[in-house]
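K.L.:
Take this structure, written in structure tokens, and hold onto it; I'll ask about it next.
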Amino acid sequence: MSAPNLSEKLLASVSRDFFRPLTRPSAAIYVDCAERLADVAGEAGRIPQSESIALIREILAAHPDIVLADDEGATLRDARQRAGQIFNRLCDAKWLEDQQLGLHERWTLVSPGLRPLLRLLRELAEDEIAELKTFADTVRGVCETLERPGILDARIQEPDALRATVTDVNSRLESAIIQLHGVEKLISLFDRRQRLSESPAETLRLLYAEFGAGQHMVCYDALRRNGLLPRLQVLRSQVADRRDDPLVKARLAQGLADHYHWDETEAYHRAEKTLRELEHRLAAIRHVADAIDARMASFNQLSQQRYRYQTELRGRRPEIVKAYCDAINAAHEGSRLGAMRETSPDFAPLIPEVRFFFGTESLARTRRTKAPADLTFVGESDGHDESAADTLASLRERQRLALTPQRAARLVARLLPGKTSSLSTSDFNSADLDEMLDLLAVAAYEHAFTADGKRVKWRVTGPGKDAGLTPEQIPTDPHAAWNIDRFTIQKI
């Protein structure tokens, strides 16, 4: 028949509602009530029922921000009635027992299962584990015990002495492993505090001052610097040899059977299990120590990253701006922006114009990349490389058709030789395409330089400026097989 698992043994000892108070939103009230009642009850474990109700009322008054459920007295106005409802919930969870000896004699008993639960909760909440100072003594004592000559030799040890040695060493090793897991808890607390550090100075203080001098370093020094890990490894090999020795198992089983009154089969099974646990716990200390090393390395890396973020990436300017904004929010809390028009400014910016960006305008704008210029010539290639003469001819043709300021200056200088004169498009005609392009260049530009370096300026006016919305009313003039809108060229 297989041994019952942990859940079966737990439910056989406590009720199914035993952990229900810890799952409620008001769990803080139940924990504080249980601790206060257990402390007042003392070792006797009982307290008058009226006094327990008074203590529960004090705890409720200390937690005014916690909202109670309906079965906890949320609808009751009387504080004593609400305390009575909490008392009933504690009794339903079997944390307390209501004992009534007479008509006027009523006591509150602390349940036996409550004290182990409170001890567990205190260990979970403890961030200063004083027992770590005795960790080195515990491990050193285990090593000295197992290093004695013939301590596990079944030929010279009595069964009861062998049973006492193995049981005592197992108990001390279990305590040492629990202390090591406490070290992991301390490092995790430092890790959590480091993630919430607000300044580089605080980050360095946690890393070099508090973390380096913490109680977890006691365990680290005891294992790494005092040479306990190699000693534990040697002892593990010796225990592994004894575990496979039939005589050792038989002598240990005889000692367990005589002490606990077990039958031969059960005692032999427990002897094998005890020796396996001893070897496993000797090896487990090194595994937990390696896990602690990994946590310490992770904390150091986190501290370096946090310090770099606070000094190089974030800097002090965002902190100053944030502190200034927080001060403004606190000073003008509850007021409107319209009422601040008459408020004098805190400081005057040393610039003539100030503009604040907010909303979508404060977001970084997407950079527009310029498309690469198309440097290919117009026209399709026939598949063969063009010669230099063809390329040069193509460049000349493009230059001839381009509307440049120089060709406009040539036409103005030819048509208007005087310093100040004007000429309309109806007074002359363009003979070919080149003169037509010269006229279009005159309309496109306003000044240019001639071949001799003189600057020529002109102005183009015409009826198109006033009748732009009615193009049919604008007169046209023929020029080189095209009709263009009439305009006047005035030399300046």
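Labels for the structure tokens follow display order: chains A, B, ..., residues from 1 in each chain, ligands from 1.
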Env of Ile178 (chain A): 12 Å cut, atoms = only C-alpha atoms, seq-sep filter 2 positions within chain, self excluded. Answer as a VMD selection string.

P.N.:
chain A and resid 123 129 131 to 132 135 138 171 to 176 180 to 185 219 281 284 to 285 288

K.L.:
Tell me, as a ChimeraX atom specification, which residues lie within 6 Å of Leu109 (chain A), counting only C-alpha atoms; anything in the same chain fewer than 6 positions away does not count.

P.N.:
/A:45-46,96-97

K.L.:
Figure out the distance between CA of Lys94 (chain A) and CA of Pro4 (chain A), please, to one decimal in Å.

P.N.:
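Atom-to-atom, CA of Pro4 (chain A) and CA of Lys94 (chain A) are spaced 23.3 Å apart.
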
K.L.:
Could you check the closest approach to Tyr324 (chain A) for each of A:Ile492, A:Asp346, A:Pro116, A:Lys249 and tell me which residue wins, using only C-alpha atoms?

P.N.:
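Once distances to Tyr324 (chain A) are computed over only C-alpha atoms, the minimum belongs to A:Asp346.
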
K.L.:
Quick one: residues within 7 Å of region 65-69 of chain A, only C-alpha atoms, excluding same-chain residues fewer than 4 positions away - as a PyMOL selection string?

P.N.:
chain A and resi 26+73-74
